[in-house]
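For reference, upload_14.csv is printed below; it contains CSV, C-alpha atoms.
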```csv
chain,number,residue,atom,x,y,z
A,1,MET,CA,183.1,185.2,-5.1
A,2,THR,CA,186.5,183.5,-4.9
A,3,SER,CA,187.9,181.4,-7.7
A,4,ILE,CA,187.4,178.3,-5.6
A,5,GLU,CA,183.7,179.2,-5.1
A,6,LYS,CA,183.3,179.7,-8.9
A,7,LYS,CA,184.7,176.3,-9.6
A,8,HIS,CA,182.7,174.7,-6.8
A,9,PRO,CA,179.2,176.2,-6.4
A,10,HIS,CA,178.5,174.0,-3.4
A,11,VAL,CA,181.4,175.8,-1.6
A,12,ALA,CA,179.8,179.1,-2.4
A,13,ARG,CA,176.5,177.9,-1.0
A,14,THR,CA,178.1,176.6,2.2
A,15,ASN,CA,180.0,179.9,2.7
A,16,SER,CA,176.8,181.9,2.1
A,17,ARG,CA,174.9,179.8,4.6
A,18,ARG,CA,177.6,180.0,7.2
A,19,LYS,CA,177.7,183.8,6.8
A,20,GLN,CA,173.9,183.9,7.2
A,21,VAL,CA,174.2,182.0,10.5
A,22,LEU,CA,177.1,184.2,11.7
A,23,ASP,CA,175.3,187.4,10.9
A,24,ALA,CA,172.3,186.1,12.8
A,25,ALA,CA,174.4,184.9,15.7
A,26,SER,CA,176.3,188.3,15.9
A,27,SER,CA,173.0,190.1,16.3
A,28,CYS,CA,171.7,187.6,18.9
A,29,PHE,CA,174.9,187.6,20.9
A,30,SER,CA,175.3,191.3,20.9
A,31,ARG,CA,171.6,191.9,21.9
A,32,ARG,CA,171.1,189.1,24.4
A,33,GLY,CA,174.6,187.8,25.3
A,34,PHE,CA,176.2,184.4,24.5
A,35,HIS,CA,174.5,182.4,27.2
A,36,ALA,CA,171.0,184.0,26.9
A,37,ALA,CA,170.9,183.6,23.1
A,38,SER,CA,169.7,180.1,22.2
A,39,MET,CA,170.2,178.2,19.0
A,40,ALA,CA,166.5,178.6,18.5
A,41,ASP,CA,167.0,182.4,18.6
A,42,ILE,CA,169.8,182.2,16.1
A,43,SER,CA,167.8,179.9,13.8
A,44,LYS,CA,164.9,182.3,13.9
A,45,ALA,CA,167.1,185.3,13.1
A,46,ALA,CA,168.9,183.4,10.3
A,47,GLY,CA,165.6,182.2,8.8
A,48,MET,CA,166.5,178.5,8.9
A,49,SER,CA,165.8,175.6,11.1
A,50,ALA,CA,168.1,174.8,14.1
A,51,GLY,CA,168.7,171.4,12.5
A,52,HIS,CA,170.0,173.1,9.4
A,53,ILE,CA,172.3,175.3,11.4
A,54,TYR,CA,173.9,172.2,13.0
A,55,ASN,CA,175.0,171.3,9.5
A,56,TYR,CA,177.4,174.2,9.6
A,57,PHE,CA,178.1,174.7,13.3
A,58,ALA,CA,178.0,171.9,15.9
A,59,SER,CA,177.4,174.3,18.8
A,60,LYS,CA,177.3,177.9,20.0
A,61,GLU,CA,181.0,177.5,20.9
A,62,ALA,CA,181.7,176.6,17.3
A,63,ILE,CA,180.1,179.8,16.2
A,64,ILE,CA,182.2,181.8,18.7
A,65,ILE,CA,185.3,180.0,17.4
A,66,ALA,CA,184.3,181.0,13.8
A,67,PHE,CA,184.1,184.7,14.9
A,68,VAL,CA,187.5,184.5,16.4
A,69,GLN,CA,188.9,182.9,13.2
A,70,GLN,CA,187.3,185.7,11.2
A,71,ASN,CA,189.0,188.3,13.3
A,72,ILE,CA,192.3,186.5,13.0
A,73,GLU,CA,192.0,186.8,9.2
A,74,ARG,CA,191.0,190.4,9.5
A,75,VAL,CA,194.0,191.3,11.6
A,76,ASN,CA,196.3,189.4,9.3
A,77,MET,CA,195.1,191.4,6.4
A,78,LEU,CA,195.5,194.7,8.3
A,79,LEU,CA,199.1,193.8,9.3
A,80,LEU,CA,199.9,192.7,5.7
A,81,ASP,CA,198.7,196.1,4.5
A,82,LEU,CA,200.5,197.9,7.3
A,83,GLY,CA,203.8,196.2,6.4
A,84,GLN,CA,203.5,197.4,2.8
A,85,GLN,CA,203.1,201.1,3.8
A,86,GLU,CA,206.0,203.4,3.0
A,87,ASP,CA,206.1,204.5,6.6
A,88,PRO,CA,204.1,202.1,8.9
A,89,LEU,CA,204.6,204.2,12.0
A,90,GLN,CA,203.1,207.3,10.4
A,91,ALA,CA,200.4,205.2,8.8
A,92,LEU,CA,199.3,204.0,12.3
A,93,ILE,CA,199.1,207.5,13.6
A,94,ASP,CA,197.2,208.8,10.5
A,95,CYS,CA,194.5,206.0,10.7
A,96,ASN,CA,194.0,206.6,14.4
A,97,TYR,CA,190.8,208.7,14.0
A,98,ASN,CA,189.0,206.1,11.9
A,99,GLN,CA,190.1,203.3,14.3
A,100,VAL,CA,188.8,205.2,17.4
A,101,MET,CA,185.5,205.9,15.7
A,102,GLU,CA,185.2,202.2,14.7
A,103,CYS,CA,186.0,201.1,18.3
A,104,LEU,CA,183.3,203.4,19.6
A,105,ASP,CA,180.6,201.9,17.4
A,106,PRO,CA,178.3,199.5,19.3
A,107,MET,CA,177.8,197.5,16.2
A,108,VAL,CA,181.5,196.9,16.2
A,109,TRP,CA,182.4,196.5,19.9
A,110,ALA,CA,179.4,194.6,21.3
A,111,LEU,CA,180.4,191.2,19.9
A,112,PRO,CA,184.1,191.3,20.8
A,113,LEU,CA,183.2,192.2,24.4
A,114,GLU,CA,180.9,189.2,24.5
A,115,ILE,CA,183.7,187.0,23.1
A,116,PHE,CA,186.2,188.3,25.7
A,117,SER,CA,183.7,187.6,28.4
A,118,GLU,CA,183.2,184.0,27.2
A,119,ALA,CA,187.0,183.6,27.0
A,120,SER,CA,187.2,184.4,30.7
A,121,ARG,CA,185.2,181.2,31.4
A,122,ASN,CA,186.0,179.0,28.4
A,123,PRO,CA,189.6,177.7,28.1
A,124,VAL,CA,189.1,176.7,24.5
A,125,ILE,CA,188.1,180.2,23.4
A,126,ALA,CA,190.8,181.7,25.7
A,127,GLY,CA,193.4,179.5,24.1
A,128,LEU,CA,192.4,180.5,20.6
A,129,LEU,CA,192.5,184.2,21.5
A,130,GLN,CA,195.9,183.8,23.2
A,131,GLN,CA,197.4,182.0,20.2
A,132,SER,CA,196.0,184.6,17.8
A,133,ASP,CA,197.4,187.4,20.0
A,134,ARG,CA,200.9,185.8,20.1
A,135,GLN,CA,200.9,185.5,16.3
A,136,SER,CA,199.7,189.0,15.6
A,137,ARG,CA,202.1,190.6,18.1
A,138,SER,CA,205.0,188.8,16.5
A,139,GLN,CA,204.0,190.1,13.1
A,140,PHE,CA,203.5,193.6,14.5
A,141,LEU,CA,206.8,193.5,16.3
A,142,THR,CA,208.6,192.7,13.0
A,143,ILE,CA,206.9,195.6,11.3
A,144,LEU,CA,207.6,198.1,14.0
A,145,LYS,CA,211.2,197.0,14.5
A,146,THR,CA,211.9,197.4,10.7
A,147,ALA,CA,210.1,200.8,10.6
A,148,ARG,CA,212.0,202.2,13.6
A,149,ILE,CA,215.4,201.0,12.3
A,150,ALA,CA,214.6,202.8,9.1
A,151,ARG,CA,214.0,206.0,11.1
A,152,GLY,CA,217.1,205.5,13.1
A,153,LEU,CA,215.1,204.9,16.3
A,154,PRO,CA,215.9,202.4,19.1
A,155,ALA,CA,214.4,199.0,18.3
A,156,ASP,CA,215.0,196.8,21.3
A,157,GLU,CA,212.5,194.0,21.1
A,158,ARG,CA,211.6,193.9,24.8
A,159,MET,CA,210.9,197.7,24.7
A,160,LEU,CA,208.8,197.3,21.5
A,161,ASP,CA,206.8,194.4,22.9
A,162,GLY,CA,205.9,196.6,25.9
A,163,ARG,CA,204.8,199.4,23.6
A,164,ILE,CA,202.8,197.0,21.4
A,165,ASN,CA,200.9,195.7,24.4
A,166,ALA,CA,200.2,199.3,25.6
A,167,LEU,CA,198.9,200.2,22.1
A,168,ILE,CA,196.7,197.1,21.9
A,169,ALA,CA,195.4,197.7,25.5
A,170,MET,CA,194.4,201.3,24.6
A,171,TYR,CA,192.4,200.3,21.5
A,172,GLU,CA,190.8,197.3,23.3
A,173,GLY,CA,189.9,199.6,26.2
A,174,ILE,CA,187.9,202.0,24.0
A,175,ALA,CA,185.0,199.5,23.9
A,176,VAL,CA,184.9,199.5,27.7
A,177,ARG,CA,185.1,203.3,27.7
A,178,ALA,CA,182.1,203.4,25.4
A,179,VAL,CA,180.1,201.2,27.8
A,180,HIS,CA,181.0,203.4,30.8
A,181,ASP,CA,180.6,206.7,28.9
A,182,PRO,CA,178.3,206.3,25.8
A,183,ASP,CA,178.5,210.1,25.2
A,184,VAL,CA,182.3,210.1,25.1
A,185,ASP,CA,183.7,212.8,22.8
A,186,GLY,CA,185.2,210.6,20.0
A,187,GLU,CA,187.1,213.4,18.4
A,188,ALA,CA,188.7,214.5,21.7
A,189,LEU,CA,189.5,210.8,22.5
A,190,ALA,CA,191.1,210.4,19.0
A,191,ASN,CA,193.2,213.5,19.6
A,192,GLY,CA,194.4,212.1,23.0
A,193,MET,CA,195.1,208.7,21.4
A,194,ARG,CA,197.2,210.4,18.7
A,195,VAL,CA,199.4,212.0,21.3
A,196,ALA,CA,199.9,208.6,23.0
A,197,LEU,CA,200.5,206.9,19.7
A,198,THR,CA,203.1,209.4,18.6
A,199,ALA,CA,205.0,208.9,21.8
A,200,LEU,CA,204.8,205.1,21.7
A,201,LEU,CA,205.7,204.8,18.0
A,202,LEU,CA,208.2,207.7,17.4
A,203,GLU,CA,210.1,208.2,20.6
```
Write out the structure in this file as structure tokens.
Amino acid sequence: MTSIEKKHPHVARTNSRRKQVLDAASSCFSRRGFHAASMADISKAAGMSAGHIYNYFASKEAIIIAFVQQNIERVNMLLLDLGQQEDPLQALIDCNYNQVMECLDPMVWALPLEIFSEASRNPVIAGLLQQSDRQSRSQFLTILKTARIARGLPADERMLDGRINALIAMYEGIAVRAVHDPDVDGEALANGMRVALTALLLE
């Protein structure tokens, strides 16, 4: 519980209820898809009335937006931690195995794929994702540029932006790979990714 929640119990209750709805919605969207899952399905999974849910989220779109905002916060924390590492480049390579295993987990990738699919049809969701992407890539660029300069490596921003996009595309593509090949050898994939990461980050 945060200090704000301790001072204001109603904030803690609201956050708890919102999390309850989001957990239920994540399960419903992952299992049935965004459009097939109804607010009635979500309310049943959350154990509260649909009317109660509308106190926290005005629509299914608002729930998707909340998921996107959650991910923005998660990525910001990851980048903050990365920037504090002694050697961010090596840290990215060393955490590759865990990242690949996480990306292969259906409990992790099912919801993002559903959000990406909705973004292809919904300009509001697409705009939020694109804004988030620009922000995170800018932060990532600063971290990589500083780390490469410290190693005496070229740090041209256009080159680094291309490598960042390649790196992101590889990780985002793991979810699609898992759909196409559910029996993919995760360890072998992680080893291949490590080779690519080493080239992208250290050459």
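Nearest-residue note for Pro112 in chain A: choosing from A:Met48, A:Leu197, A:Leu129, A:Leu153, the minimum distance belongs to A:Leu129, counting only C-alpha atoms.
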Original post:
Of the candidates A:Lys60, A:Arg31, A:Arg194, A:Lys19, which one gets nearest to Asn98 in chain A if we count all atoms listed in the file?
Top reply: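 Result for the nearest residue to Asn98 in chain A: A:Arg194.
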Applying 10 Å and all atoms listed in the file, which residues near Leu202 in chain A remain after dropping the ones on its own chain fewer than 4 positions away? List them as an mmCIF file with C-alpha atoms, keeping the file's coordinate frame.
```cif
data_model
loop_
_atom_site.group_PDB
_atom_site.id
_atom_site.type_symbol
_atom_site.label_atom_id
_atom_site.label_comp_id
_atom_site.auth_asym_id
_atom_site.auth_seq_id
_atom_site.Cartn_x
_atom_site.Cartn_y
_atom_site.Cartn_z
ATOM 1 C CA LEU A 89 204.600 204.200 12.000
ATOM 2 C CA GLN A 90 203.100 207.300 10.400
ATOM 3 C CA ILE A 93 199.100 207.500 13.600
ATOM 4 C CA ALA A 147 210.100 200.800 10.600
ATOM 5 C CA ARG A 148 212.000 202.200 13.600
ATOM 6 C CA ARG A 151 214.000 206.000 11.100
ATOM 7 C CA LEU A 153 215.100 204.900 16.300
ATOM 8 C CA PRO A 154 215.900 202.400 19.100
ATOM 9 C CA LEU A 197 200.500 206.900 19.700
ATOM 10 C CA THR A 198 203.100 209.400 18.600
#
```
*Selection near range 160-165 of chain A, 7 Å with all atoms listed in the file, sequence-local residues under 4 positions removed, as a list in words*: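 The residues satisfying every condition are Leu141, Ala155, Asp156, Ala169 and Leu200 of chain A.
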With distances taken over only C-alpha atoms, the candidate from A:Leu104, A:Arg74, A:Leu111, A:Gly47 nearest Ser27 in chain A is A:Leu111
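What separates CA of Asp183 in chain A from CA of Phe34 in chain A is a distance of 25.8 Å.
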In Å to one decimal, how far is CA of Met193 in chain A from CA of Asn96 in chain A?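 About the pair CA of Asn96 in chain A and CA of Met193 in chain A: they are 7.4 Å apart.
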In Å and to one decimal, CA of Ile72 in chain A is distant from CA of Asp185 in chain A by 29.4 Å
Considering all atoms listed in the file, state which residue in the set A:Thr146, A:Asp181, A:Gln139, A:Ala199 is at the smallest distance from Leu167 in chain A.
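Checking each candidate against Leu167 in chain A, we get A:Ala199 as the closest.
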